[in-house]
>>> print(open('target.txt').read())   # compact mmCIF, C-alpha atoms
# COMPACT_ATOMS: atom_id res chain seq x y z
CA MET A 421 10.37 31.42 19.82
CA LYS A 422 11.51 32.23 16.32
CA LYS A 423 9.24 31.07 13.47
CA LYS A 424 11.97 29.03 11.86
CA GLU A 425 12.72 27.16 15.06
CA LEU A 426 9.02 26.46 15.59
CA TYR A 427 8.66 24.95 12.10
CA LEU A 428 11.81 22.90 12.56
CA THR A 429 10.65 21.46 15.89
CA LEU A 430 7.20 20.71 14.43
CA PHE A 431 8.76 18.92 11.48
CA ARG A 432 11.30 17.00 13.54
CA SER A 433 8.70 15.87 16.10
CA THR A 434 6.16 14.59 13.57
CA PHE A 435 8.85 13.06 11.33
CA PHE A 436 10.39 10.99 14.11
CA LEU A 437 7.01 9.95 15.53
CA SER A 438 5.92 8.71 12.10
CA MET A 439 9.31 7.12 11.35
CA PHE A 440 9.45 4.95 14.45
CA THR A 441 5.83 4.15 15.21
CA PHE A 442 4.43 0.85 14.01
CA GLY A 443 0.71 0.25 14.19
CA GLY A 444 -1.28 3.27 13.09
CA GLY A 445 -3.34 5.97 14.78
CA TYR A 446 -4.17 4.35 18.09
CA VAL A 447 -0.46 3.95 18.85
CA ILE A 448 0.86 7.21 17.44
CA VAL A 449 -1.76 9.60 18.90
CA PRO A 450 -0.86 8.88 22.56
CA LEU A 451 2.80 9.42 21.63
CA MET A 452 1.94 12.78 20.01
CA GLU A 453 0.10 13.71 23.17
CA LYS A 454 3.17 12.84 25.25
CA LYS A 455 5.45 14.85 22.97
CA PHE A 456 3.41 18.05 22.62
CA VAL A 457 1.64 18.13 26.01
CA ASN A 458 4.20 16.68 28.41
CA GLU A 459 7.61 17.20 26.81
CA LEU A 460 7.22 20.45 24.88
CA GLY A 461 4.32 21.83 26.96
CA TRP A 462 2.89 23.61 23.91
CA ILE A 463 -0.68 22.36 24.23
CA ASP A 464 -2.61 21.68 27.44
CA GLU A 465 -4.24 18.34 28.17
CA ASP A 466 -7.86 19.44 27.60
CA GLU A 467 -7.12 21.13 24.32
CA MET A 468 -5.22 18.07 23.13
CA LEU A 469 -8.26 15.88 23.85
CA ASN A 470 -10.37 18.25 21.76
CA LEU A 471 -7.86 18.14 18.90
CA ILE A 472 -7.92 14.32 19.01
CA ALA A 473 -11.75 14.40 18.89
CA ILE A 474 -11.66 16.67 15.83
CA GLY A 475 -9.08 14.39 14.20
CA GLN A 476 -11.36 11.40 14.66
CA SER A 477 -14.35 13.29 13.24
CA ALA A 478 -12.66 13.89 9.89
CA PRO A 479 -11.99 11.30 7.18
CA GLY A 480 -8.45 10.03 6.66
CA PRO A 481 -5.76 8.47 8.85
CA ILE A 482 -6.09 9.62 12.47
CA ALA A 483 -2.32 10.12 12.82
CA VAL A 484 -2.27 12.42 9.78
CA ASN A 485 -5.34 14.34 10.98
CA THR A 486 -3.97 14.84 14.48
CA SER A 487 -0.61 16.03 13.18
CA ILE A 488 -2.36 18.56 10.89
CA LEU A 489 -4.32 19.86 13.89
CA ILE A 490 -1.21 20.26 16.02
CA GLY A 491 0.53 22.16 13.23
CA TYR A 492 -2.54 24.33 12.64
CA ARG A 493 -2.89 25.07 16.35
CA MET A 494 0.79 26.08 16.68
CA ALA A 495 1.40 27.94 13.43
CA GLY A 496 -1.73 28.13 11.27
CA PHE A 497 -1.84 26.83 7.70
CA THR A 498 1.95 26.78 7.24
CA GLY A 499 2.31 24.84 10.48
CA ALA A 500 -0.23 22.29 9.25
CA MET A 501 1.68 21.87 5.98
CA VAL A 502 4.92 21.33 7.92
CA THR A 503 3.46 18.66 10.22
CA VAL A 504 1.57 16.79 7.48
CA PHE A 505 4.77 16.69 5.44
CA GLY A 506 6.69 15.41 8.46
CA THR A 507 4.13 12.66 8.98
CA ILE A 508 3.84 11.37 5.41
CA LEU A 509 7.51 11.63 4.41
CA PRO A 510 8.78 8.51 6.28
CA PRO A 511 6.14 6.08 4.97
CA LEU A 512 6.40 7.66 1.49
CA ALA A 513 10.17 7.09 1.36
CA ILE A 514 10.11 3.62 2.93
CA MET A 515 7.25 2.29 0.80
CA THR A 516 8.76 3.67 -2.42
CA GLY A 517 11.96 1.75 -1.67
CA LEU A 518 10.00 -1.39 -0.75
CA ALA A 519 7.97 -1.22 -3.96
CA TYR A 520 11.18 -1.61 -5.98
CA ILE A 521 12.57 -4.42 -3.84
CA TYR A 522 9.16 -6.12 -4.06
CA LEU A 523 9.20 -6.10 -7.88
CA ALA A 524 12.69 -7.60 -7.89
CA VAL A 525 12.13 -10.39 -5.35
CA ARG A 526 8.40 -11.25 -5.55
CA ASP A 527 8.98 -14.29 -7.78
CA ASN A 528 11.72 -15.73 -5.61
CA ALA A 529 10.50 -19.06 -4.13
CA LEU A 530 11.53 -18.30 -0.53
CA VAL A 531 10.04 -14.79 -0.64
CA ASN A 532 6.86 -16.30 -2.01
CA ASN A 533 6.72 -18.80 0.86
CA VAL A 534 7.30 -16.07 3.46
CA LEU A 535 4.56 -13.90 1.94
CA LEU A 536 2.21 -16.90 1.77
CA GLY A 537 2.70 -17.40 5.50
CA MET A 538 2.21 -13.69 6.20
CA GLN A 539 -1.02 -13.75 4.22
CA ALA A 540 -2.63 -15.90 6.92
CA GLY A 541 -1.22 -13.49 9.53
CA VAL A 542 -2.74 -10.48 7.76
CA ALA A 543 -6.11 -12.27 7.59
CA ALA A 544 -5.90 -12.84 11.36
CA ILE A 545 -4.99 -9.16 11.95
CA ILE A 546 -7.98 -7.90 9.94
CA VAL A 547 -10.38 -10.35 11.60
CA ASN A 548 -9.02 -9.20 14.99
CA VAL A 549 -9.54 -5.53 14.07
CA VAL A 550 -13.12 -6.27 12.99
CA ILE A 551 -13.86 -8.20 16.21
CA ASN A 552 -12.55 -5.30 18.34
CA MET A 553 -14.48 -2.68 16.39
CA ALA A 554 -17.71 -4.70 16.38
CA LEU A 555 -17.45 -5.33 20.14
CA ARG A 556 -17.07 -1.59 20.72
CA ILE A 557 -20.32 -0.99 18.78
CA ILE A 558 -22.17 -3.80 20.57
CA LYS A 559 -20.99 -2.65 24.03
CA GLN A 560 -22.72 0.71 23.54
CA LYS A 561 -25.95 -1.28 24.08
CA LYS A 562 -27.88 0.77 21.55
CA ILE A 563 -30.09 -0.99 19.05
CA VAL A 564 -29.74 1.32 16.01
CA PRO A 565 -25.92 1.05 15.53
CA VAL A 566 -26.10 -2.74 15.78
CA LEU A 567 -28.91 -2.86 13.21
CA VAL A 568 -26.97 -0.53 10.89
CA MET A 569 -23.91 -2.77 11.22
CA ILE A 570 -25.84 -5.96 10.38
CA ALA A 571 -27.74 -4.31 7.51
CA ALA A 572 -24.51 -2.87 6.03
CA LEU A 573 -22.82 -6.26 6.32
CA ILE A 574 -25.61 -7.99 4.39
CA ALA A 575 -25.86 -5.17 1.83
CA GLY A 576 -22.08 -5.15 1.31
CA ILE A 577 -21.33 -8.88 1.17
CA VAL A 578 -24.52 -10.43 -0.24
CA PHE A 579 -25.85 -7.64 -2.46
CA GLN A 580 -22.50 -5.95 -3.30
CA VAL A 581 -24.03 -2.53 -2.70
CA ASN A 582 -21.65 0.34 -3.50
CA ILE A 583 -19.69 1.65 -0.49
CA LEU A 584 -20.76 5.21 -1.28
CA TRP A 585 -24.44 4.35 -0.72
CA LEU A 586 -23.74 2.52 2.52
CA LEU A 587 -21.77 5.48 3.90
CA PHE A 588 -24.39 7.97 2.75
CA VAL A 589 -27.37 6.13 4.26
CA SER A 590 -25.60 5.46 7.56
CA ALA A 591 -24.47 9.11 7.79
CA LEU A 592 -28.08 10.16 7.24
CA ILE A 593 -29.24 7.86 10.04
CA GLY A 594 -26.54 9.32 12.29
CA LEU A 595 -27.64 12.86 11.45
CA ILE A 596 -31.32 12.11 12.18
CA MET A 597 -30.45 10.40 15.48
CA THR A 598 -28.33 13.39 16.55
CA LEU A 599 -31.03 15.92 15.67
CA VAL A 600 -33.69 13.91 17.54
CA ASP A 601 -31.31 13.66 20.49
CA LEU A 602 -30.60 17.41 20.49
CA LYS A 603 -34.34 18.18 20.27
CA ASN A 604 -35.11 15.86 23.20
CA LYS A 605 -32.45 17.56 25.32
CA HIS A 606 -33.81 20.94 24.28
CA ASP A 607 -37.41 19.99 25.18
CA LYS A 608 -36.32 18.62 28.55
CA GLY A 609 -34.47 21.84 29.22
CA GLU A 610 -37.61 23.86 28.51
CA SER A 611 -39.98 21.79 30.66
CA LYS A 612 -37.83 22.36 33.75
CA MET B 795 -3.77 10.48 -18.16
CA ILE B 796 -2.86 7.90 -15.53
CA TYR B 797 -1.56 10.45 -12.98
CA LEU B 798 -4.84 12.36 -12.94
CA GLU B 799 -6.84 9.13 -12.62
CA LEU B 800 -4.58 7.99 -9.78
CA PHE B 801 -4.96 11.31 -8.02
CA LEU B 802 -8.75 11.30 -8.32
CA SER B 803 -9.06 7.68 -7.19
CA PHE B 804 -6.96 8.27 -4.09
CA PHE B 805 -8.59 11.62 -3.36
CA GLN B 806 -11.92 9.77 -3.30
CA ILE B 807 -10.47 7.06 -1.04
CA GLY B 808 -9.14 9.76 1.32
CA ILE B 809 -12.36 11.72 1.48
CA LEU B 810 -14.47 8.64 2.27
CA SER B 811 -12.29 6.81 4.79
CA PHE B 812 -14.08 7.73 8.00
CA GLY B 813 -12.79 6.11 11.15
CA GLY B 814 -9.05 5.73 10.70
CA GLY B 815 -6.66 3.82 8.46
CA TYR B 816 -8.44 0.46 8.26
CA ALA B 817 -11.54 2.23 6.92
CA SER B 818 -9.59 2.92 3.73
CA LEU B 819 -9.13 -0.82 3.00
CA PRO B 820 -12.62 -1.55 1.60
CA LEU B 821 -12.38 1.67 -0.45
CA ILE B 822 -8.96 0.73 -1.83
CA GLU B 823 -10.28 -2.75 -2.62
CA GLN B 824 -13.37 -1.45 -4.44
CA GLU B 825 -11.60 1.32 -6.35
CA LEU B 826 -8.29 -0.32 -7.30
CA ILE B 827 -9.39 -3.92 -7.85
CA THR B 828 -13.05 -3.81 -8.84
CA VAL B 829 -13.52 -0.45 -10.56
CA GLN B 830 -10.10 0.29 -12.09
CA GLY B 831 -8.57 -3.18 -12.26
CA TRP B 832 -5.14 -1.71 -11.46
CA ILE B 833 -4.06 -4.36 -8.97
CA THR B 834 -4.96 -7.99 -8.26
CA ASN B 835 -6.31 -9.51 -5.05
CA GLN B 836 -2.91 -11.00 -4.42
CA GLN B 837 -1.17 -7.63 -4.76
CA PHE B 838 -3.75 -6.06 -2.45
CA ILE B 839 -2.86 -8.55 0.28
CA ASP B 840 0.87 -8.05 -0.36
CA ILE B 841 0.34 -4.29 0.02
CA LEU B 842 -1.45 -4.88 3.32
CA THR B 843 1.31 -7.18 4.52
CA LEU B 844 4.03 -4.63 3.74
CA SER B 845 1.95 -1.86 5.34
CA GLU B 846 1.71 -3.83 8.57
CA MET B 847 5.48 -4.35 8.56
CA THR B 848 6.43 -0.71 8.09
CA PRO B 849 5.90 2.38 10.24
CA GLY B 850 3.36 5.07 9.37
CA PRO B 851 -0.40 5.17 8.74
CA ILE B 852 -1.70 2.20 6.74
CA ALA B 853 -3.62 4.39 4.24
CA ILE B 854 -0.43 6.30 3.36
CA ASN B 855 1.58 3.08 3.07
CA ALA B 856 -1.04 1.54 0.82
CA ALA B 857 -1.32 4.66 -1.37
CA THR B 858 2.45 5.01 -1.85
CA PHE B 859 2.91 1.34 -2.63
CA SER B 860 -0.01 0.90 -5.02
CA GLY B 861 0.78 4.22 -6.75
CA ASN B 862 4.29 2.88 -7.32
CA GLN B 863 2.97 -0.43 -8.66
CA ILE B 864 0.62 1.35 -11.05
CA ALA B 865 2.74 4.26 -12.34
CA GLY B 866 6.25 4.31 -10.84
CA ILE B 867 7.76 6.78 -8.36
CA MET B 868 5.64 9.72 -9.52
CA GLY B 869 2.56 7.50 -9.22
CA GLY B 870 3.45 6.77 -5.60
CA ILE B 871 3.91 10.43 -4.78
CA ILE B 872 0.69 11.48 -6.53
CA ALA B 873 -1.39 8.74 -4.88
CA THR B 874 0.00 9.76 -1.49
CA ILE B 875 -0.83 13.42 -2.06
CA GLY B 876 -4.30 12.44 -3.28
CA VAL B 877 -5.11 10.37 -0.20
CA THR B 878 -3.76 13.07 2.16
CA LEU B 879 -5.29 16.19 0.60
CA PRO B 880 -8.87 15.64 1.88
CA SER B 881 -7.49 15.45 5.43
CA VAL B 882 -5.54 18.68 4.96
CA ILE B 883 -8.66 20.53 3.81
CA ILE B 884 -11.37 18.98 6.00
CA VAL B 885 -9.41 18.86 9.25
CA GLN B 886 -8.51 22.55 9.03
CA LEU B 887 -12.11 23.50 8.20
CA LEU B 888 -13.33 21.52 11.21
CA ALA B 889 -10.65 23.08 13.41
CA TYR B 890 -11.62 26.55 12.22
CA PHE B 891 -15.29 26.00 13.05
CA TYR B 892 -14.42 24.30 16.28
CA PHE B 893 -12.29 27.19 17.53
CA LYS B 894 -15.06 29.56 16.49
CA TYR B 895 -18.12 27.78 17.89
CA GLN B 896 -16.61 25.20 20.27
CA ASN B 897 -19.21 22.70 19.10
CA LEU B 898 -18.88 19.58 17.00
CA SER B 899 -21.94 17.62 18.15
CA ILE B 900 -23.63 17.36 14.74
CA VAL B 901 -20.43 16.29 12.97
CA GLN B 902 -19.73 13.80 15.74
CA GLY B 903 -23.29 12.50 15.50
CA VAL B 904 -22.87 11.80 11.79
CA ILE B 905 -19.56 10.05 12.48
CA GLN B 906 -21.23 7.94 15.17
CA GLY B 907 -23.80 6.93 12.56
CA VAL B 908 -21.17 6.00 9.97
CA ARG B 909 -19.02 3.96 12.35
CA PRO B 910 -21.11 0.74 12.41
CA ALA B 911 -21.32 0.78 8.59
CA VAL B 912 -17.52 1.22 8.43
CA VAL B 913 -17.05 -1.85 10.65
CA ALA B 914 -19.25 -3.82 8.25
CA LEU B 915 -17.27 -2.54 5.25
CA ILE B 916 -13.94 -3.52 6.81
CA ALA B 917 -15.49 -6.91 7.60
CA SER B 918 -16.48 -7.42 3.97
CA ALA B 919 -12.97 -6.51 2.80
CA GLY B 920 -11.84 -8.95 5.50
CA VAL B 921 -13.88 -11.73 3.89
CA THR B 922 -11.99 -11.28 0.60
CA ILE B 923 -8.66 -11.30 2.41
CA PHE B 924 -9.63 -14.32 4.50
CA MET B 925 -10.88 -16.34 1.50
CA THR B 926 -7.75 -15.54 -0.51
CA ALA B 927 -5.52 -16.60 2.40
CA MET B 928 -7.43 -19.86 2.97
CA PHE B 929 -8.35 -20.91 -0.59
CA GLY B 930 -5.94 -19.00 -2.84
CA HIS B 931 -8.73 -16.94 -4.44
CA SER B 932 -11.99 -15.28 -3.41
CA ASP B 933 -14.24 -16.02 -6.38
CA TRP B 934 -17.24 -18.28 -5.94
CA PRO B 935 -17.68 -21.17 -6.13
CA ILE B 936 -15.05 -22.31 -3.66
CA ALA B 937 -14.35 -26.04 -3.25
CA LEU B 938 -13.43 -27.34 0.18
CA SER B 939 -10.63 -29.34 -1.46
CA GLU B 940 -8.84 -26.08 -2.30
CA ILE B 941 -8.32 -25.25 1.36
CA ASN B 942 -4.75 -24.60 2.49
CA TRP B 943 -4.50 -26.25 5.92
CA VAL B 944 -1.17 -24.63 6.78
CA SER B 945 -2.83 -21.23 6.25
CA VAL B 946 -5.77 -22.26 8.45
CA ILE B 947 -3.39 -23.19 11.28
CA PHE B 948 -1.35 -19.96 10.91
CA PHE B 949 -4.56 -17.94 10.95
CA ALA B 950 -5.91 -19.68 14.06
CA VAL B 951 -2.61 -19.34 15.94
CA GLY B 952 -2.27 -15.68 14.93
CA LEU B 953 -5.78 -14.80 16.05
CA PHE B 954 -5.28 -16.71 19.31
CA LEU B 955 -2.00 -14.87 20.06
CA MET B 956 -3.64 -11.48 19.47
CA ARG B 957 -6.80 -12.13 21.46
CA LYS B 958 -5.21 -14.06 24.34
CA PHE B 959 -1.78 -12.42 24.65
CA LYS B 960 -2.37 -9.04 22.97
CA ALA B 961 0.36 -9.77 20.39
CA SER B 962 0.92 -6.78 18.08
CA PRO B 963 0.29 -6.96 14.31
CA ILE B 964 3.99 -6.65 13.53
CA GLN B 965 4.79 -9.62 15.79
CA ILE B 966 2.12 -11.69 14.02
CA ILE B 967 3.51 -10.74 10.60
CA LEU B 968 7.04 -11.69 11.66
CA VAL B 969 6.00 -15.01 13.21
CA THR B 970 3.80 -16.11 10.28
CA GLY B 971 6.47 -14.94 7.80
CA VAL B 972 9.25 -16.98 9.41
CA ALA B 973 6.91 -19.98 9.87
CA GLY B 974 5.78 -19.70 6.22
CA GLY B 975 9.38 -19.54 5.01
CA ILE B 976 10.22 -22.74 6.91
CA VAL B 977 7.02 -24.81 6.51
CA TYR B 978 6.30 -24.12 2.82
CA SER B 979 9.96 -24.62 1.87
CA LEU B 980 9.97 -28.04 3.56
CA LEU B 981 6.64 -29.18 2.07
>>> encode(input="target.txt", output="structure tokens")
Amino acid sequence: MKKKELYLTLFRSTFFLSMFTFGGGYVIVPLMEKKFVNELGWIDEDEMLNLIAIGQSAPGPIAVNTSILIGYRMAGFTGAMVTVFGTILPPLAIMTGLAYIYLAVRDNALVNNVLLGMQAGVAAIIVNVVINMALRIIKQKKIVPVLVMIAALIAGIVFQVNILWLLFVSALIGLIMTLVDLKNKHDKGESK
Amino acid sequence: MIYLELFLSFFQIGILSFGGGYASLPLIEQELITVQGWITNQQFIDILTLSEMTPGPIAINAATFSGNQIAGIMGGIIATIGVTLPSVIIVQLLAYFYFKYQNLSIVQGVIQGVRPAVVALIASAGVTIFMTAMFGHSDWPIALSEINWVSVIFFAVGLFLMRKFKASPIQIILVTGVAGGIVYSLL
């Protein structure tokens, strides 16, 4: 395939996926998988799962991360730039337009009433997200993650501890747990 | 120089939001409301509402919109670049090492450690959002007489629809928006 065609297909695929997908990473990633694994056949299933795992290990939106990885896998750095541009362009254009409409209509009484109603809806959405995420942690049935979650909640809400500290300390705990885990596996391997 | 400040703020938000789009909410709240004072609580919730209504990752939506609110079109573009750039760099570094060594276990271990803290952080941003929706503000002390019962009912119905019938966020936004338009206009 010619380079130019490859870039064009990468851009078009990520642009349309981002343009028409509501609901963030957990919705868009399966669609990317369908597009690049099943329809285009560019990436095999196992490799795609690895790319998704890498995308979730990095900071930032999962949809953006996964699209960068697909671009990088297909066409190196330039490919990654093409796919990240394809992914951020639709929300960038739509939200810029909305920002102007918002300024013009925010003080309108009806708009205000609609937004007031939506505010309760957004609160419900966030609470729902938190419940789902917390259940996923609790269902692992490990004591340390649950303790970290409770401690971070108290530190964040009651003591207003800076987010940076909370992330740093929990990352350190994760690192220590992983190293202990790796050492245990290593020791077991040796005793056999 | 507002553009540089915007860029740095959103770069920091991007680099620290581990665990997907919602993880950026507590960071946006801390940086834009508490530290910089660029937007109000009310605007923060409006940004969230509009992000839920539109396609694309929530962190990008929020960056574009708040950048626009703070410093116009260029502000929106710069904030969006700022929040995306850490991904561009870190993801490719990780991919490079992954293809070379086929091993991510230490990175994944650290992420596993951060995840419970991220849930707690989103929860604490959730408290602000919840209080503002129910009482009109999130500053203590809060009097029970300030409670907005219509909001309480909308919240309860919305949460019920999502947990019981797996309603999607956009459906909840549309339903509560239409209901708000009707109920508050009649009251």
>>> closest_residue(input="target.txt", among="A:Asn604, A:Asn533, A:Thr498, A:Ser487", to="chain B", atoms="all atoms listed in the file")
A:Asn533
>>> residues_around(input="target.txt", residues="Ile448 (chain A)", least_positions_apart="3", cutoff="12 Å", atoms="all atoms listed in the file", output="PyMOL selection string")
(chain A and resi 433-445+451-455+472+481-487+507) or (chain B and resi 849-851)
>>> interface_residues(input="target.txt", of="chain B", to="chain A", cutoff="6 Å", atoms="all atoms listed in the file", output="PDB file with C-alpha atoms, keeping the file's coordinate frame")
ATOM      1  CA  GLY B 808      -9.140   9.760   1.320  1.00  0.00           C
ATOM      2  CA  ILE B 809     -12.360  11.720   1.480  1.00  0.00           C
ATOM      3  CA  SER B 811     -12.290   6.810   4.790  1.00  0.00           C
ATOM      4  CA  PHE B 812     -14.080   7.730   8.000  1.00  0.00           C
ATOM      5  CA  GLY B 814      -9.050   5.730  10.700  1.00  0.00           C
ATOM      6  CA  GLY B 815      -6.660   3.820   8.460  1.00  0.00           C
ATOM      7  CA  PRO B 849       5.900   2.380  10.240  1.00  0.00           C
ATOM      8  CA  GLY B 850       3.360   5.070   9.370  1.00  0.00           C
ATOM      9  CA  PRO B 851      -0.400   5.170   8.740  1.00  0.00           C
ATOM     10  CA  ASN B 855       1.580   3.080   3.070  1.00  0.00           C
ATOM     11  CA  THR B 858       2.450   5.010  -1.850  1.00  0.00           C
ATOM     12  CA  PHE B 859       2.910   1.340  -2.630  1.00  0.00           C
ATOM     13  CA  SER B 881      -7.490  15.450   5.430  1.00  0.00           C
ATOM     14  CA  VAL B 885      -9.410  18.860   9.250  1.00  0.00           C
ATOM     15  CA  GLN B 902     -19.730  13.800  15.740  1.00  0.00           C
ATOM     16  CA  GLY B 903     -23.290  12.500  15.500  1.00  0.00           C
ATOM     17  CA  VAL B 904     -22.870  11.800  11.790  1.00  0.00           C
ATOM     18  CA  GLY B 907     -23.800   6.930  12.560  1.00  0.00           C
ATOM     19  CA  VAL B 908     -21.170   6.000   9.970  1.00  0.00           C
ATOM     20  CA  PRO B 910     -21.110   0.740  12.410  1.00  0.00           C
ATOM     21  CA  ALA B 911     -21.320   0.780   8.590  1.00  0.00           C
ATOM     22  CA  ALA B 914     -19.250  -3.820   8.250  1.00  0.00           C
ATOM     23  CA  ALA B 917     -15.490  -6.910   7.600  1.00  0.00           C
ATOM     24  CA  SER B 918     -16.480  -7.420   3.970  1.00  0.00           C
ATOM     25  CA  GLY B 920     -11.840  -8.950   5.500  1.00  0.00           C
ATOM     26  CA  ILE B 923      -8.660 -11.300   2.410  1.00  0.00           C
ATOM     27  CA  PHE B 924      -9.630 -14.320   4.500  1.00  0.00           C
ATOM     28  CA  ALA B 927      -5.520 -16.600   2.400  1.00  0.00           C
ATOM     29  CA  SER B 945      -2.830 -21.230   6.250  1.00  0.00           C
ATOM     30  CA  PHE B 948      -1.350 -19.960  10.910  1.00  0.00           C
ATOM     31  CA  PHE B 949      -4.560 -17.940  10.950  1.00  0.00           C
ATOM     32  CA  GLY B 952      -2.270 -15.680  14.930  1.00  0.00           C
ATOM     33  CA  LEU B 953      -5.780 -14.800  16.050  1.00  0.00           C
ATOM     34  CA  ILE B 966       2.120 -11.690  14.020  1.00  0.00           C
ATOM     35  CA  ILE B 967       3.510 -10.740  10.600  1.00  0.00           C
ATOM     36  CA  THR B 970       3.800 -16.110  10.280  1.00  0.00           C
ATOM     37  CA  GLY B 971       6.470 -14.940   7.800  1.00  0.00           C
ATOM     38  CA  GLY B 974       5.780 -19.700   6.220  1.00  0.00           C
ATOM     39  CA  GLY B 975       9.380 -19.540   5.010  1.00  0.00           C
ATOM     40  CA  TYR B 978       6.300 -24.120   2.820  1.00  0.00           C
TER      41      TYR B 978
END
>>> residues_around(input="target.txt", residues="Phe431 (chain A)", least_positions_apart="4", cutoff="7 Å", atoms="only C-alpha atoms", output="JSON, numbers by chain")
{"A": [427, 435, 502, 503, 506]}
>>> residues_around(input="target.txt", residues="Thr926 (chain B)", least_positions_apart="3", cutoff="12 Å", atoms="all atoms listed in the file", output="VMD selection string")
(chain A and resid 536 539 to 540 542 to 543) or (chain B and resid 834 to 840 919 to 923 929 to 934 936 940 to 942 945 to 946)
>>> residues_near_point(input="target.txt", point="(-8.0, 7.9, -7.8)", cutoff="10 Å", atoms="all atoms listed in the file", output="PDB file with C-alpha atoms, keeping the file's coordinate frame")
ATOM      1  CA  ILE B 796      -2.860   7.900 -15.530  1.00  0.00           C
ATOM      2  CA  TYR B 797      -1.560  10.450 -12.980  1.00  0.00           C
ATOM      3  CA  LEU B 798      -4.840  12.360 -12.940  1.00  0.00           C
ATOM      4  CA  GLU B 799      -6.840   9.130 -12.620  1.00  0.00           C
ATOM      5  CA  LEU B 800      -4.580   7.990  -9.780  1.00  0.00           C
ATOM      6  CA  PHE B 801      -4.960  11.310  -8.020  1.00  0.00           C
ATOM      7  CA  LEU B 802      -8.750  11.300  -8.320  1.00  0.00           C
ATOM      8  CA  SER B 803      -9.060   7.680  -7.190  1.00  0.00           C
ATOM      9  CA  PHE B 804      -6.960   8.270  -4.090  1.00  0.00           C
ATOM     10  CA  PHE B 805      -8.590  11.620  -3.360  1.00  0.00           C
ATOM     11  CA  GLN B 806     -11.920   9.770  -3.300  1.00  0.00           C
ATOM     12  CA  ILE B 807     -10.470   7.060  -1.040  1.00  0.00           C
ATOM     13  CA  GLY B 808      -9.140   9.760   1.320  1.00  0.00           C
ATOM     14  CA  ILE B 822      -8.960   0.730  -1.830  1.00  0.00           C
ATOM     15  CA  GLU B 825     -11.600   1.320  -6.350  1.00  0.00           C
ATOM     16  CA  LEU B 826      -8.290  -0.320  -7.300  1.00  0.00           C
ATOM     17  CA  GLN B 830     -10.100   0.290 -12.090  1.00  0.00           C
ATOM     18  CA  ALA B 857      -1.320   4.660  -1.370  1.00  0.00           C
ATOM     19  CA  GLY B 861       0.780   4.220  -6.750  1.00  0.00           C
ATOM     20  CA  ILE B 872       0.690  11.480  -6.530  1.00  0.00           C
ATOM     21  CA  ALA B 873      -1.390   8.740  -4.880  1.00  0.00           C
ATOM     22  CA  GLY B 876      -4.300  12.440  -3.280  1.00  0.00           C
ATOM     23  CA  VAL B 877      -5.110  10.370  -0.200  1.00  0.00           C
TER      24      VAL B 877
END
>>> atom_distance(input="target.txt", atom1="CA of His606 (chain A)", atom2="CA of Leu888 (chain B)")
24.3 Å
>>> atom_distance(input="target.txt", atom1="CA of Ile827 (chain B)", atom2="CA of Thr874 (chain B)")
17.8 Å
>>> atom_distance(input="target.txt", atom1="CA of Leu426 (chain A)", atom2="CA of Ile463 (chain A)")
13.6 Å
